[in-house]
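Source file: structure35.txt. Holds: compact mmCIF, C-alpha atoms.
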# COMPACT_ATOMS: atom_id res chain seq x y z
CA MET A 1 103.36 109.19 47.30
CA THR A 2 102.53 105.75 45.86
CA ALA A 3 104.07 102.60 47.30
CA ILE A 4 106.91 101.09 45.26
CA SER A 5 106.20 97.56 44.12
CA THR A 6 108.93 95.45 42.57
CA PRO A 7 107.44 93.41 39.74
CA VAL A 8 108.43 89.76 39.53
CA ASP A 9 111.25 89.46 37.00
CA ASN A 10 112.79 86.11 36.21
CA GLY A 11 113.95 87.31 32.78
CA VAL A 12 111.09 85.57 30.97
CA ASP A 13 108.94 87.58 28.55
CA ILE A 14 105.67 86.05 29.64
CA ASP A 15 103.49 88.51 27.71
CA PHE A 16 105.20 87.43 24.50
CA LEU A 17 104.65 83.75 25.34
CA ARG A 18 100.97 84.34 26.11
CA GLU A 19 100.57 86.09 22.76
CA ALA A 20 102.47 83.32 20.95
CA ARG A 21 100.22 80.76 22.56
CA GLU A 22 97.16 82.57 21.31
CA ALA A 23 98.57 83.24 17.84
CA LEU A 24 99.74 79.66 17.28
CA GLY A 25 96.45 78.31 18.61
CA ALA A 26 94.77 80.24 15.79
CA GLU A 27 97.50 79.37 13.21
CA PRO A 28 98.75 75.83 13.89
CA ALA A 29 100.89 75.80 10.72
CA GLY A 30 103.31 78.28 12.34
CA ALA A 31 103.76 75.90 15.29
CA GLN A 32 105.42 73.21 13.15
CA PHE A 33 109.10 73.46 14.08
CA GLN A 34 112.12 71.51 12.92
CA TRP A 35 115.28 71.49 15.05
CA ARG A 36 118.54 70.35 13.46
CA VAL A 37 122.13 69.51 14.21
CA THR A 38 125.09 68.34 12.14
CA ASN A 39 127.56 65.85 13.55
CA THR A 40 131.09 65.09 12.31
CA TRP A 41 133.28 62.24 13.46
CA VAL A 42 136.77 63.31 14.57
CA ARG A 43 138.55 60.13 15.70
CA GLY A 44 137.73 57.21 17.95
CA THR A 45 134.57 58.02 19.91
CA HIS A 46 135.17 61.78 19.60
CA SER A 47 132.74 63.76 17.43
CA GLN A 48 131.70 67.39 17.06
CA THR A 49 128.18 68.63 16.62
CA THR A 50 126.89 72.05 15.63
CA ALA A 51 123.45 73.61 15.98
CA GLN A 52 122.59 76.71 13.99
CA GLY A 53 119.44 77.21 11.93
CA PHE A 54 115.99 75.78 12.49
CA PHE A 55 112.57 76.00 10.91
CA GLY A 56 109.63 77.65 12.66
CA LEU A 57 106.82 80.17 12.23
CA GLY A 58 106.55 78.98 8.63
CA GLU A 59 110.10 79.82 7.59
CA GLU A 60 113.81 79.13 7.96
CA GLN A 61 115.26 80.80 11.04
CA ASP A 62 118.89 81.79 10.78
CA ARG A 63 120.51 82.29 14.15
CA PRO A 64 123.30 84.84 14.46
CA ARG A 65 125.50 82.22 16.14
CA THR A 66 126.42 78.55 15.91
CA PHE A 67 126.66 76.34 18.97
CA HIS A 68 129.45 73.72 19.11
CA PHE A 69 129.61 70.53 21.13
CA ASP A 70 132.35 67.97 21.59
CA ALA A 71 131.43 64.49 22.75
CA ASP A 72 133.61 61.51 23.55
CA HIS A 73 133.87 58.58 25.94
CA PRO A 74 135.92 58.86 29.15
CA GLU A 75 139.44 57.51 29.64
CA LEU A 76 137.97 54.71 31.70
CA PHE A 77 136.89 53.13 28.39
CA SER A 78 140.34 53.75 26.89
CA ALA A 79 138.94 56.75 25.00
CA GLU A 80 140.31 60.30 25.04
CA ASP A 81 137.66 62.20 27.02
CA GLN A 82 137.62 65.09 24.53
CA GLY A 83 134.05 65.94 25.52
CA ALA A 84 131.20 64.84 27.73
CA SER A 85 129.68 61.42 27.13
CA PRO A 86 126.52 61.27 25.02
CA THR A 87 124.73 59.86 28.08
CA GLU A 88 125.74 62.94 30.09
CA ILE A 89 124.58 65.19 27.26
CA VAL A 90 121.08 63.65 27.50
CA LEU A 91 121.06 64.75 31.16
CA VAL A 92 122.19 68.26 30.10
CA ALA A 93 119.21 68.47 27.74
CA LEU A 94 116.78 67.23 30.38
CA ALA A 95 118.11 69.55 33.09
CA SER A 96 118.12 72.65 30.91
CA CYS A 97 114.62 72.00 29.59
CA LEU A 98 113.14 71.53 33.06
CA THR A 99 114.96 74.59 34.45
CA ALA A 100 113.80 76.82 31.57
CA GLY A 101 110.31 75.58 32.38
CA VAL A 102 110.68 76.38 36.09
CA ALA A 103 111.63 79.98 35.24
CA THR A 104 108.79 80.33 32.74
CA VAL A 105 106.11 78.87 35.00
CA ALA A 106 107.40 80.98 37.92
CA GLN A 107 107.04 84.12 35.79
CA ASN A 108 103.55 83.05 34.78
CA ARG A 109 102.61 82.54 38.44
CA ASP A 110 104.25 85.75 39.72
CA ILE A 111 106.86 83.89 41.73
CA GLN A 112 110.25 85.56 42.03
CA LEU A 113 113.09 83.04 41.78
CA ARG A 114 116.35 83.72 43.62
CA SER A 115 118.26 80.56 42.75
CA VAL A 116 117.56 77.25 41.06
CA THR A 117 119.94 74.32 40.92
CA ALA A 118 119.35 70.72 39.95
CA THR A 119 121.45 67.60 40.25
CA LEU A 120 120.75 64.73 37.89
CA GLU A 121 121.82 61.12 38.25
CA GLY A 122 121.25 58.43 35.66
CA ASP A 123 121.79 54.74 36.40
CA MET A 124 123.13 52.59 33.60
CA ASP A 125 124.26 49.00 33.48
CA VAL A 126 126.97 49.16 30.81
CA ARG A 127 126.61 45.47 30.06
CA GLY A 128 123.89 46.67 27.68
CA VAL A 129 126.05 48.86 25.43
CA LEU A 130 128.93 46.39 25.61
CA GLY A 131 126.63 43.64 24.35
CA VAL A 132 127.32 41.35 27.32
CA ASP A 133 123.68 40.56 28.03
CA SER A 134 120.82 41.29 25.65
CA ASP A 135 118.38 41.42 28.59
CA VAL A 136 120.13 44.55 29.88
CA ARG A 137 118.93 47.73 28.20
CA ASN A 138 121.45 50.09 26.61
CA GLY A 139 120.01 53.26 28.11
CA TYR A 140 119.27 54.48 31.60
CA SER A 141 117.26 52.30 33.95
CA ASN A 142 116.42 55.35 36.09
CA ILE A 143 117.06 59.07 36.12
CA ARG A 144 116.66 61.20 39.26
CA VAL A 145 116.36 64.98 39.12
CA THR A 146 116.60 66.87 42.43
CA TYR A 147 115.86 70.58 42.55
CA SER A 148 116.98 73.12 45.16
CA ILE A 149 114.99 76.29 44.67
CA ASP A 150 115.13 79.53 46.60
CA ALA A 151 112.07 81.59 45.69
CA ASP A 152 109.51 83.93 47.04
CA ALA A 153 106.99 81.09 47.49
CA SER A 154 105.91 78.29 49.83
CA ARG A 155 107.35 74.82 49.50
CA GLU A 156 104.00 73.70 48.16
CA ASP A 157 104.07 76.37 45.44
CA ILE A 158 107.65 75.44 44.55
CA GLU A 159 106.69 71.79 44.21
CA ALA A 160 103.76 72.78 42.00
CA LEU A 161 106.14 74.87 39.88
CA VAL A 162 108.42 71.92 39.26
CA ALA A 163 105.47 69.64 38.53
CA GLN A 164 104.09 72.08 35.95
CA SER A 165 107.51 72.39 34.30
CA GLN A 166 107.63 68.59 33.92
CA LYS A 167 104.17 68.64 32.41
CA ARG A 168 105.23 71.06 29.66
CA SER A 169 108.81 69.91 29.08
CA ALA A 170 109.77 68.75 25.59
CA VAL A 171 112.82 66.79 26.76
CA TYR A 172 111.06 65.20 29.73
CA ASP A 173 108.48 63.94 27.23
CA ILE A 174 111.16 62.70 24.79
CA VAL A 175 112.97 60.78 27.53
CA THR A 176 109.96 59.33 29.35
CA ASN A 177 107.91 58.40 26.26
CA PRO A 178 108.86 56.56 23.07
CA THR A 179 109.95 58.79 20.18
CA ASN A 180 110.31 57.64 16.57
CA VAL A 181 113.87 57.78 15.25
CA ALA A 182 114.62 56.79 11.64
CA VAL A 183 118.31 56.25 10.90
CA GLU A 184 119.53 55.88 7.34
CA VAL A 185 122.58 56.07 5.13
CA ALA A 186 122.38 58.75 2.41
CA MET B 1 160.72 41.94 1.51
CA THR B 2 157.33 41.45 3.21
CA ALA B 3 154.27 43.33 2.01
CA ILE B 4 153.31 46.35 4.10
CA SER B 5 149.82 46.10 5.52
CA THR B 6 148.18 49.11 7.09
CA PRO B 7 146.09 48.00 10.06
CA VAL B 8 142.62 49.48 10.37
CA ASP B 9 142.80 52.38 12.82
CA ASN B 10 139.72 54.40 13.67
CA GLY B 11 141.19 55.47 17.01
CA VAL B 12 139.14 52.94 18.96
CA ASP B 13 140.91 50.59 21.39
CA ILE B 14 138.90 47.54 20.46
CA ASP B 15 141.11 45.11 22.39
CA PHE B 16 140.37 47.03 25.57
CA LEU B 17 136.63 46.97 24.85
CA ARG B 18 136.68 43.23 24.18
CA GLU B 19 138.47 42.68 27.50
CA ALA B 20 136.06 45.01 29.33
CA ARG B 21 133.15 43.09 27.86
CA GLU B 22 134.57 39.85 29.16
CA ALA B 23 135.54 41.24 32.57
CA LEU B 24 132.17 42.90 33.19
CA GLY B 25 130.35 39.81 32.00
CA ALA B 26 132.11 37.96 34.82
CA GLU B 27 131.72 40.84 37.33
CA PRO B 28 128.36 42.56 36.71
CA ALA B 29 128.74 44.78 39.82
CA GLY B 30 131.46 46.78 38.06
CA ALA B 31 129.08 47.47 35.16
CA GLN B 32 126.72 49.56 37.32
CA PHE B 33 127.44 53.14 36.25
CA GLN B 34 125.96 56.42 37.37
CA TRP B 35 126.31 59.49 35.13
CA ARG B 36 125.68 62.92 36.64
CA VAL B 37 125.31 66.57 35.80
CA THR B 38 124.63 69.73 37.82
CA ASN B 39 122.46 72.48 36.40
CA THR B 40 122.24 76.11 37.54
CA TRP B 41 119.68 78.64 36.40
CA VAL B 42 121.19 81.91 35.14
CA ARG B 43 118.25 84.07 34.04
CA GLY B 44 115.16 83.61 31.91
CA THR B 45 115.46 80.32 30.04
CA HIS B 46 119.28 80.39 30.21
CA SER B 47 120.98 77.79 32.40
CA GLN B 48 124.44 76.28 32.71
CA THR B 49 125.20 72.61 33.23
CA THR B 50 128.43 70.88 34.15
CA ALA B 51 129.51 67.27 33.88
CA GLN B 52 132.51 66.03 35.80
CA GLY B 53 132.62 62.91 37.95
CA PHE B 54 130.72 59.68 37.55
CA PHE B 55 130.53 56.30 39.24
CA GLY B 56 131.70 53.11 37.55
CA LEU B 57 133.82 50.00 37.99
CA GLY B 58 132.72 49.99 41.63
CA GLU B 59 134.09 53.42 42.53
CA GLU B 60 133.89 57.18 42.06
CA GLN B 61 135.64 58.29 38.89
CA ASP B 62 137.13 61.77 39.00
CA ARG B 63 137.74 63.21 35.57
CA PRO B 64 140.63 65.60 35.09
CA ARG B 65 138.30 68.10 33.42
CA THR B 66 134.81 69.52 33.71
CA PHE B 67 132.54 69.98 30.70
CA HIS B 68 130.33 73.09 30.54
CA PHE B 69 127.12 73.64 28.62
CA ASP B 70 124.95 76.70 28.14
CA ALA B 71 121.33 76.23 27.12
CA ASP B 72 118.66 78.78 26.33
CA HIS B 73 115.72 79.37 24.03
CA PRO B 74 116.17 81.27 20.75
CA GLU B 75 115.30 84.92 20.18
CA LEU B 76 112.25 83.81 18.24
CA PHE B 77 110.65 83.05 21.63
CA SER B 78 111.79 86.42 22.99
CA ALA B 79 114.63 84.67 24.84
CA GLU B 80 118.33 85.53 24.66
CA ASP B 81 119.79 82.59 22.71
CA GLN B 82 122.72 82.22 25.10
CA GLY B 83 123.05 78.54 24.22
CA ALA B 84 121.49 75.80 22.14
CA SER B 85 117.91 74.79 22.88
CA PRO B 86 117.40 71.75 25.10
CA THR B 87 115.66 70.08 22.15
CA GLU B 88 118.78 70.59 20.01
CA ILE B 89 120.94 69.21 22.81
CA VAL B 90 118.93 65.97 22.72
CA LEU B 91 119.89 65.68 19.05
CA VAL B 92 123.55 66.34 19.96
CA ALA B 93 123.43 63.42 22.41
CA LEU B 94 121.79 61.12 19.90
CA ALA B 95 124.18 62.04 17.08
CA SER B 96 127.33 61.68 19.16
CA CYS B 97 126.24 58.35 20.62
CA LEU B 98 125.46 56.85 17.22
CA THR B 99 128.69 58.18 15.68
CA ALA B 100 130.83 56.81 18.53
CA GLY B 101 129.09 53.51 17.87
CA VAL B 102 129.81 53.64 14.13
CA ALA B 103 133.54 54.11 14.83
CA THR B 104 133.58 51.33 17.42
CA VAL B 105 131.69 48.82 15.29
CA ALA B 106 133.86 49.71 12.27
CA GLN B 107 136.98 48.99 14.31
CA ASN B 108 135.48 45.71 15.48
CA ARG B 109 134.73 44.74 11.86
CA ASP B 110 138.08 45.89 10.44
CA ILE B 111 136.53 48.67 8.40
CA GLN B 112 138.65 51.79 7.93
CA LEU B 113 136.55 54.95 8.17
CA ARG B 114 137.60 58.01 6.20
CA SER B 115 134.77 60.38 7.10
CA VAL B 116 131.45 60.19 8.91
CA THR B 117 128.89 62.98 9.06
CA ALA B 118 125.28 62.91 10.15
CA THR B 119 122.47 65.41 9.88
CA LEU B 120 119.61 65.18 12.33
CA GLU B 121 116.18 66.74 12.04
CA GLY B 122 113.51 66.62 14.72
CA ASP B 123 109.91 67.65 14.07
CA MET B 124 108.06 69.34 16.89
CA ASP B 125 104.66 70.97 17.08
CA VAL B 126 105.29 73.70 19.65
CA ARG B 127 101.59 73.88 20.51
CA GLY B 128 102.50 71.09 22.96
CA VAL B 129 105.05 72.99 25.06
CA LEU B 130 102.99 76.18 24.85
CA GLY B 131 100.00 74.33 26.28
CA VAL B 132 97.73 75.24 23.35
CA ASP B 133 96.42 71.74 22.79
CA SER B 134 96.81 68.85 25.24
CA ASP B 135 96.52 66.35 22.37
CA VAL B 136 99.82 67.60 20.94
CA ARG B 137 102.85 66.02 22.56
CA ASN B 138 105.59 68.24 24.00
CA GLY B 139 108.48 66.32 22.45
CA TYR B 140 109.48 65.31 18.95
CA SER B 141 106.95 63.56 16.74
CA ASN B 142 109.80 62.25 14.55
CA ILE B 143 113.57 62.36 14.38
CA ARG B 144 115.50 61.58 11.19
CA VAL B 145 119.22 60.77 11.24
CA THR B 146 121.01 60.66 7.88
CA TYR B 147 124.59 59.40 7.68
CA SER B 148 127.16 60.09 4.96
CA ILE B 149 130.03 57.68 5.43
CA ASP B 150 133.19 57.31 3.39
CA ALA B 151 134.82 54.03 4.35
CA ASP B 152 136.76 51.13 3.01
CA ALA B 153 133.58 49.02 2.72
CA SER B 154 130.58 48.28 0.51
CA ARG B 155 127.35 50.17 0.87
CA GLU B 156 125.83 47.05 2.37
CA ASP B 157 128.57 46.83 5.00
CA ILE B 158 128.19 50.52 5.80
CA GLU B 159 124.44 50.11 6.28
CA ALA B 160 125.09 47.13 8.56
CA LEU B 161 127.58 49.25 10.54
CA VAL B 162 124.98 51.94 11.17
CA ALA B 163 122.35 49.35 12.06
CA GLN B 164 124.66 47.74 14.61
CA SER B 165 125.49 51.12 16.14
CA GLN B 166 121.76 51.78 16.63
CA LYS B 167 121.37 48.38 18.25
CA ARG B 168 124.00 49.17 20.91
CA SER B 169 123.39 52.90 21.38
CA ALA B 170 122.49 54.12 24.88
CA VAL B 171 120.93 57.37 23.65
CA TYR B 172 119.01 55.77 20.79
CA ASP B 173 117.50 53.45 23.41
CA ILE B 174 116.71 56.35 25.79
CA VAL B 175 114.97 58.33 23.05
CA THR B 176 113.06 55.50 21.38
CA ASN B 177 111.96 53.70 24.55
CA PRO B 178 110.38 54.97 27.77
CA THR B 179 112.83 55.82 30.56
CA ASN B 180 111.86 56.44 34.18
CA VAL B 181 112.54 59.98 35.38
CA ALA B 182 111.77 60.97 38.98
CA VAL B 183 111.77 64.72 39.62
CA GLU B 184 111.67 66.08 43.15
CA VAL B 185 112.37 69.13 45.25
CA ALA B 186 115.09 68.64 47.89
As structure tokens:
Amino acid sequence: MTAISTPVDNGVDIDFLREAREALGAEPAGAQFQWRVTNTWVRGTHSQTTAQGFFGLGEEQDRPRTFHFDADHPELFSAEDQGASPTEIVLVALASCLTAGVATVAQNRDIQLRSVTATLEGDMDVRGVLGVDSDVRNGYSNIRVTYSIDADASREDIEALVAQSQKRSAVYDIVTNPTNVAVEVA
Amino acid sequence: MTAISTPVDNGVDIDFLREAREALGAEPAGAQFQWRVTNTWVRGTHSQTTAQGFFGLGEEQDRPRTFHFDADHPELFSAEDQGASPTEIVLVALASCLTAGVATVAQNRDIQLRSVTATLEGDMDVRGVLGVDSDVRNGYSNIRVTYSIDADASREDIEALVAQSQKRSAVYDIVTNPTNVAVEVA
């Protein structure tokens, strides 16, 4: 009878995203989002953070679940290693944003992904955070992200996929460009 | 007999940090750290990231445990909400870095903390990530961090504590200043 074709399925609802893009282009007010977390100190450098609700599409969005994170410094700094370091958590955010983008762009381009892994390395001279030398920055001097992708596509197409994900990534933008942060005491 | 004095104890080993500061000032090679994570795509916008070893003090540092993170996009974007959004995870990193700094600076200044909480809000116009308008940035336009701190100190001292934490925070630096990120396909 008819030939069976397997549609590309990376688990991304690309029709929804195309409609959202059109709808929010026409109604920019709905595109104003606010993401939030609450952080509580436990002891030493250990703290816990939760993410639950956010604001978007013009209203409060209550999620059915709450996400919990522990953060701490490693034993190397005489801390208790009760969670990943904040500097590692930045890499988690960057990795997960770029990978979500790879899957989304692949769906948009009809590329079936089989596996995607990334390793991230961030170089930091800790003389900055320790206040040894004010010429040394506190943050990363360099971050390297290396993708291994198995997909139904040429190497050239895979490279273009990763490049497009970078171009649309919120966290890549936050890390590579300056972002305003206002810190105050209530 | 003698009066009992309760030493300030926020759970931070400040003597160790003072010694580390001195030692790494004398031996800058040991201060070159590399933090790492590995990210694996699951399906759709869901991925998992692990943090385990890192490099520091001139050698590989194997941690006794591995930290796991799930990230995803919320149901609002027709995703499965299997983890916090990457944009929320950036706020987790920022919050936990600043709070670790508050505890450390408090210990250094002999200020006993009783409780520390912070709420973070990040404003994002999602027309950026959706590619609706190339004049809209992908990342946060603004992040607000608000601390509530109960401590054995004046309001002025508490504000100075938070200001000093900002000044020495790795993640605050990464978010507020540009950081090089190189992304490639292996």
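Here the question is which of A:Val116, A:Leu130, A:Ala51, A:Ala26 gets nearest to Pro86 (chain B) using all atoms listed in the file, and that residue is A:Ala51.
Residues in contact range of Leu91 (chain B), defined as at most 10 Å between all atoms listed in the file, with sequence neighbours fewer than 4 positions away removed, read Trp35, Arg36, Val37, Thr38, Asn39, Thr49, Ala51, Pro86, Ile89, Val90 and Ala93 of chain A; Pro86, Thr87, Ala95, Ser96, Cys97, Thr119, Leu120, Glu121, Gly122, Ile143, Arg144, Val145, Val171 and Val175 of chain B.
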My list of candidates is A:Glu19, A:Ser115, A:Ser5, A:Asp152. Which is closest to chain B when distances are computed with all atoms listed in the file? A:Ser115
What's around Ala153 (chain B) at 12 Å? Count only C-alpha atoms, leave out sequence neighbours fewer than 6 positions away in its own chain, and write the answer as an MDAnalysis selection string. chainID B and resid 8 106 109:114 159:161
Residues of the last selection are to be written out with C-alpha atoms, as a tab-separated table (two decimals), keeping the file's coordinate frame.
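The result, stored in selection_16.tsv:
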chain	number	residue	atom	x	y	z
B	8	VAL	CA	142.62	49.48	10.37
B	106	ALA	CA	133.86	49.71	12.27
B	109	ARG	CA	134.73	44.74	11.86
B	110	ASP	CA	138.08	45.89	10.44
B	111	ILE	CA	136.53	48.67	8.40
B	112	GLN	CA	138.65	51.79	7.93
B	113	LEU	CA	136.55	54.95	8.17
B	114	ARG	CA	137.60	58.01	6.20
B	159	GLU	CA	124.44	50.11	6.28
B	160	ALA	CA	125.09	47.13	8.56
B	161	LEU	CA	127.58	49.25	10.54
Which polymer residues have any atom within 7 Å of an atom of Ser78 (chain A), counting only C-alpha atoms, with same-chain residues fewer than 3 positions away left out, as a ChimeraX atom specification? /A:75 /B:13,16
Please, could N, CA and C atoms be added to region 64-85 of chain A and the result written as a PDB file, in the frame of the given file?
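part_22.pdb written:
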ATOM      1  N   PRO A  64     122.029  84.112  14.654  1.00  0.00           N
ATOM      2  CA  PRO A  64     123.300  84.840  14.460  1.00  0.00           C
ATOM      3  C   PRO A  64     124.516  84.034  14.892  1.00  0.00           C
ATOM      4  N   ARG A  65     124.325  82.966  15.671  1.00  0.00           N
ATOM      5  CA  ARG A  65     125.500  82.220  16.140  1.00  0.00           C
ATOM      6  C   ARG A  65     125.305  80.719  15.951  1.00  0.00           C
ATOM      7  N   THR A  66     126.425  80.009  16.034  1.00  0.00           N
ATOM      8  CA  THR A  66     126.420  78.550  15.910  1.00  0.00           C
ATOM      9  C   THR A  66     126.913  77.979  17.228  1.00  0.00           C
ATOM     10  N   PHE A  67     126.240  76.970  17.716  1.00  0.00           N
ATOM     11  CA  PHE A  67     126.660  76.340  18.970  1.00  0.00           C
ATOM     12  C   PHE A  67     127.437  75.057  18.658  1.00  0.00           C
ATOM     13  N   HIS A  68     128.556  74.859  19.370  1.00  0.00           N
ATOM     14  CA  HIS A  68     129.450  73.720  19.110  1.00  0.00           C
ATOM     15  C   HIS A  68     129.501  72.791  20.320  1.00  0.00           C
ATOM     16  N   PHE A  69     129.531  71.531  20.058  1.00  0.00           N
ATOM     17  CA  PHE A  69     129.610  70.530  21.130  1.00  0.00           C
ATOM     18  C   PHE A  69     130.642  69.464  20.769  1.00  0.00           C
ATOM     19  N   ASP A  70     131.476  69.131  21.732  1.00  0.00           N
ATOM     20  CA  ASP A  70     132.350  67.970  21.590  1.00  0.00           C
ATOM     21  C   ASP A  70     131.783  66.854  22.448  1.00  0.00           C
ATOM     22  N   ALA A  71     131.845  65.647  21.944  1.00  0.00           N
ATOM     23  CA  ALA A  71     131.430  64.490  22.750  1.00  0.00           C
ATOM     24  C   ALA A  71     132.465  63.386  22.570  1.00  0.00           C
ATOM     25  N   ASP A  72     132.638  62.603  23.594  1.00  0.00           N
ATOM     26  CA  ASP A  72     133.610  61.510  23.550  1.00  0.00           C
ATOM     27  C   ASP A  72     133.249  60.526  24.668  1.00  0.00           C
ATOM     28  N   HIS A  73     134.009  59.473  24.785  1.00  0.00           N
ATOM     29  CA  HIS A  73     133.870  58.580  25.940  1.00  0.00           C
ATOM     30  C   HIS A  73     135.031  58.853  26.882  1.00  0.00           C
ATOM     31  N   PRO A  74     134.850  58.566  28.180  1.00  0.00           N
ATOM     32  CA  PRO A  74     135.920  58.860  29.150  1.00  0.00           C
ATOM     33  C   PRO A  74     137.102  57.902  29.035  1.00  0.00           C
ATOM     34  N   GLU A  75     138.203  58.305  29.670  1.00  0.00           N
ATOM     35  CA  GLU A  75     139.440  57.510  29.640  1.00  0.00           C
ATOM     36  C   GLU A  75     139.249  56.116  30.206  1.00  0.00           C
ATOM     37  N   LEU A  76     138.309  56.005  31.117  1.00  0.00           N
ATOM     38  CA  LEU A  76     137.970  54.710  31.700  1.00  0.00           C
ATOM     39  C   LEU A  76     137.697  53.640  30.628  1.00  0.00           C
ATOM     40  N   PHE A  77     137.152  54.068  29.489  1.00  0.00           N
ATOM     41  CA  PHE A  77     136.890  53.130  28.390  1.00  0.00           C
ATOM     42  C   PHE A  77     138.011  53.177  27.341  1.00  0.00           C
ATOM     43  N   SER A  78     139.185  53.647  27.775  1.00  0.00           N
ATOM     44  CA  SER A  78     140.340  53.750  26.890  1.00  0.00           C
ATOM     45  C   SER A  78     140.067  54.719  25.727  1.00  0.00           C
ATOM     46  N   ALA A  79     139.208  55.702  25.989  1.00  0.00           N
ATOM     47  CA  ALA A  79     138.940  56.750  25.000  1.00  0.00           C
ATOM     48  C   ALA A  79     139.631  58.025  25.481  1.00  0.00           C
ATOM     49  N   GLU A  80     139.476  59.126  24.756  1.00  0.00           N
ATOM     50  CA  GLU A  80     140.310  60.300  25.040  1.00  0.00           C
ATOM     51  C   GLU A  80     139.624  61.424  25.798  1.00  0.00           C
ATOM     52  N   ASP A  81     138.355  61.244  26.140  1.00  0.00           N
ATOM     53  CA  ASP A  81     137.660  62.200  27.020  1.00  0.00           C
ATOM     54  C   ASP A  81     137.732  63.626  26.471  1.00  0.00           C
ATOM     55  N   GLN A  82     137.558  63.759  25.172  1.00  0.00           N
ATOM     56  CA  GLN A  82     137.620  65.090  24.530  1.00  0.00           C
ATOM     57  C   GLN A  82     136.320  65.865  24.674  1.00  0.00           C
ATOM     58  N   GLY A  83     135.331  65.271  25.316  1.00  0.00           N
ATOM     59  CA  GLY A  83     134.050  65.940  25.520  1.00  0.00           C
ATOM     60  C   GLY A  83     133.218  65.089  26.453  1.00  0.00           C
ATOM     61  N   ALA A  84     132.083  65.618  26.859  1.00  0.00           N
ATOM     62  CA  ALA A  84     131.200  64.840  27.730  1.00  0.00           C
ATOM     63  C   ALA A  84     130.699  63.606  26.979  1.00  0.00           C
ATOM     64  N   SER A  85     130.266  62.616  27.726  1.00  0.00           N
ATOM     65  CA  SER A  85     129.680  61.420  27.130  1.00  0.00           C
ATOM     66  C   SER A  85     128.287  61.737  26.602  1.00  0.00           C
TER      67      SER A  85
END
